[in-house]
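Here is the structure we will look at.
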Amino acid sequence: MRTATAALAAALVLGSGPAPARPVSWPGGWTAIQEWNPDMGSVLLHYTPSRHWSAGLFARRMREGDWTLTGAQATWLVQRWNLPAAQANLYLTGGGGAAWRDGGAVRPGGFARVQGDWETRRLMLMGMAEVSHGDGIATVDIEMLRAGFAPWLAGYGRVHLWLFGQVRRDSAAGNRVEPAFVARVFHRTVMLEAGVTGSGGLILNSTFRF
């Protein structure tokens, strides 16, 4: 029964969570998240003690600025709104640790993010804003918006598909505003995303909950 309950909770969380993937799982659950886009690559492993927050370790490579940031991360589910035919969520995330350029000295670094989403079984909107800082290295701010829909409504245990239009701005890329198309497939506790930006860059994301 516990396994079935956990799988159902994961399906609800993964079913419409935005990318970056939803950073809070079911209580007692672990999550591994990988993200790759033309500006940055990252990995995160976190544990969720309660439905309100999670904590873990992260590493990210800022490809545009050619520097690395790694350390500990915590996320707080500030508010969840359960509406008659929809759900909305607001998250705050922060992380801190070490930052460095290749061959350079290790310096303090960290990041802060606010993330929100609104969804029905058919439609979804999400937004994210983030600032990353490496002392004496760089300060980068990123904003992203997504809008998507599910071509069909799949039942529990089936394969689900979402299609998204996305725009993203990265200060490290000369404040370029980059459109993208992303397809998301998820099944039970696994989510996979693949997309392409307007300039031909690849987007590859994955989330595994266990």
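Ligands are numbered from 1 in the order shown, chains are lettered A, B, ... in the order of the structure tokens, and residues start at 1 in each chain.
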
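The shell of residues at most 8 Å from segment 50-58 of chain A, with only C-alpha atoms counted and near chain neighbours (fewer than 6 positions) removed, consists of Pro23, Val24, Ser25, Trp26, Pro27, Gly28, Ser42, Val43, Leu44, Thr70, Gly71, Ala72, Gln73, Ala74, Thr75, Trp76, Leu77 and Val78 of chain A.
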
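A straight line drawn from atom CA of Gly148 of chain A to atom CA of Leu204 of chain A is 16.9 Å long.
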
For segment 131-157 of chain A versus segment 114-119 of chain A, which residues have an atom no more than 12 Å away, and what is each residue's nearest atom pair and distance in Å rounded to one decimal, using only C-alpha atoms, chain-then-number order, as a Markdown table?
```
| residue | atom | partner | partner_atom | distance |
| --- | --- | --- | --- | --- |
| A:Val131 | CA | A:Val114 | CA | 9.5 |
| A:Asp141 | CA | A:Val114 | CA | 11.8 |
| A:Ile142 | CA | A:Val114 | CA | 10.9 |
| A:Glu143 | CA | A:Val114 | CA | 9.8 |
| A:Met144 | CA | A:Gln115 | CA | 9.5 |
| A:Leu145 | CA | A:Asp117 | CA | 9.9 |
| A:Arg146 | CA | A:Asp117 | CA | 9.2 |
| A:Ala147 | CA | A:Trp118 | CA | 9.8 |
| A:Gly148 | CA | A:Glu119 | CA | 9.3 |
| A:Phe149 | CA | A:Glu119 | CA | 9.4 |
| A:Ala150 | CA | A:Glu119 | CA | 10.7 |
```

**OP:** Using DSSP on the backbone, list every residue of chain A that comes out as strand (DSSP E), and give them as a PyMOL selection string.
**Re:** chain A and resi 29-36+40-50+53-62+67-82+87-101+107-119+123-134+138-149+160-170+176-187+190-197+202-209

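Residues of chain A that DSSP places in helix (DSSP H, G or I), based on the backbone of this structure, are Arg2, Thr3, Ala4, Thr5, Ala6, Ala7, Leu8, Ala9, Ala10, Ala11, Leu12, Val13, Leu14, Gly15, Ser16, Ser171, Ala172 and Ala173 of chain A.
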
Those selected residues, please, written with C-alpha atoms and delivered as a PDB file, in the first residue's frame.
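Everything below was put into out-v2.pdb:
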```pdb
ATOM      1  CA  ARG A   2       2.793   2.422   0.844  1.00  0.00           C
ATOM      2  CA  THR A   3       4.448   1.789  -2.543  1.00  0.00           C
ATOM      3  CA  ALA A   4       1.197   2.424  -4.391  1.00  0.00           C
ATOM      4  CA  THR A   5       0.583   5.602  -2.418  1.00  0.00           C
ATOM      5  CA  ALA A   6       4.097   6.839  -3.125  1.00  0.00           C
ATOM      6  CA  ALA A   7       3.730   6.087  -6.821  1.00  0.00           C
ATOM      7  CA  LEU A   8       0.425   7.943  -6.966  1.00  0.00           C
ATOM      8  CA  ALA A   9       1.941  10.941  -5.180  1.00  0.00           C
ATOM      9  CA  ALA A  10       4.849  10.939  -7.594  1.00  0.00           C
ATOM     10  CA  ALA A  11       2.496  10.792 -10.560  1.00  0.00           C
ATOM     11  CA  LEU A  12       0.648  13.836  -9.279  1.00  0.00           C
ATOM     12  CA  VAL A  13       3.901  15.705  -8.648  1.00  0.00           C
ATOM     13  CA  LEU A  14       5.587  14.694 -11.894  1.00  0.00           C
ATOM     14  CA  GLY A  15       2.436  14.943 -13.915  1.00  0.00           C
ATOM     15  CA  SER A  16       2.615  18.655 -14.327  1.00  0.00           C
ATOM     16  CA  SER A 171      22.243  37.624 -18.455  1.00  0.00           C
ATOM     17  CA  ALA A 172      25.400  35.568 -19.079  1.00  0.00           C
ATOM     18  CA  ALA A 173      24.331  35.163 -22.703  1.00  0.00           C
TER      19      ALA A 173
END
```

**OP:** Go ahead and compute the interatomic distance for atom CA of Leu153 of chain A and atom CA of Thr197 of chain A, in Å to one decimal.
**Re:** 26.5 Å

**OP:** Can you pull out every residue within 12 Å of Leu163 of chain A, counting only C-alpha atoms, but drop anything in the same chain fewer than 6 positions away, and send it as a PyMOL selection string?
**Re:** chain A and resi 16+18+122-125+146-152+180-186+193-195

**OP:** Considering only C-alpha atoms, return as a ChimeraX atom specification whatever protein or nucleic-acid residues lie within 10 Å of Ala98 of chain A, sequence-local ones (same chain, fewer than 5 positions apart) excluded.
**Re:** /A:59,68-72,105-110,134-135

Writer output for current selection, C-alpha atoms, as an mmCIF file, in the first residue's frame:
```cif
data_model
loop_
_atom_site.group_PDB
_atom_site.id
_atom_site.type_symbol
_atom_site.label_atom_id
_atom_site.label_comp_id
_atom_site.auth_asym_id
_atom_site.auth_seq_id
_atom_site.Cartn_x
_atom_site.Cartn_y
_atom_site.Cartn_z
ATOM 1 C CA ALA A 59 26.375 20.898 -8.806
ATOM 2 C CA THR A 68 31.166 25.838 -11.637
ATOM 3 C CA LEU A 69 28.956 26.163 -8.556
ATOM 4 C CA THR A 70 28.312 23.361 -6.075
ATOM 5 C CA GLY A 71 27.027 22.947 -2.517
ATOM 6 C CA ALA A 72 23.918 22.287 -0.415
ATOM 7 C CA ALA A 105 40.834 29.642 -6.780
ATOM 8 C CA VAL A 106 37.758 28.261 -5.014
ATOM 9 C CA ARG A 107 35.488 31.063 -3.806
ATOM 10 C CA PRO A 108 32.158 31.231 -1.921
ATOM 11 C CA GLY A 109 29.072 31.024 -4.128
ATOM 12 C CA GLY A 110 25.358 30.430 -4.088
ATOM 13 C CA GLY A 134 30.311 33.320 -7.421
ATOM 14 C CA ASP A 135 32.380 35.710 -5.291
#
```

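Taking atom CA of Val177 of chain A and atom CA of Ile203 of chain A as the two end points, the separation is 15.3 Å.
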
**OP:** Pick out the closest residue to Phe111 of chain A from this set: A:Met126, A:Ile33, A:His133, A:Phe164. Count only C-alpha atoms.
**Re:** A:His133
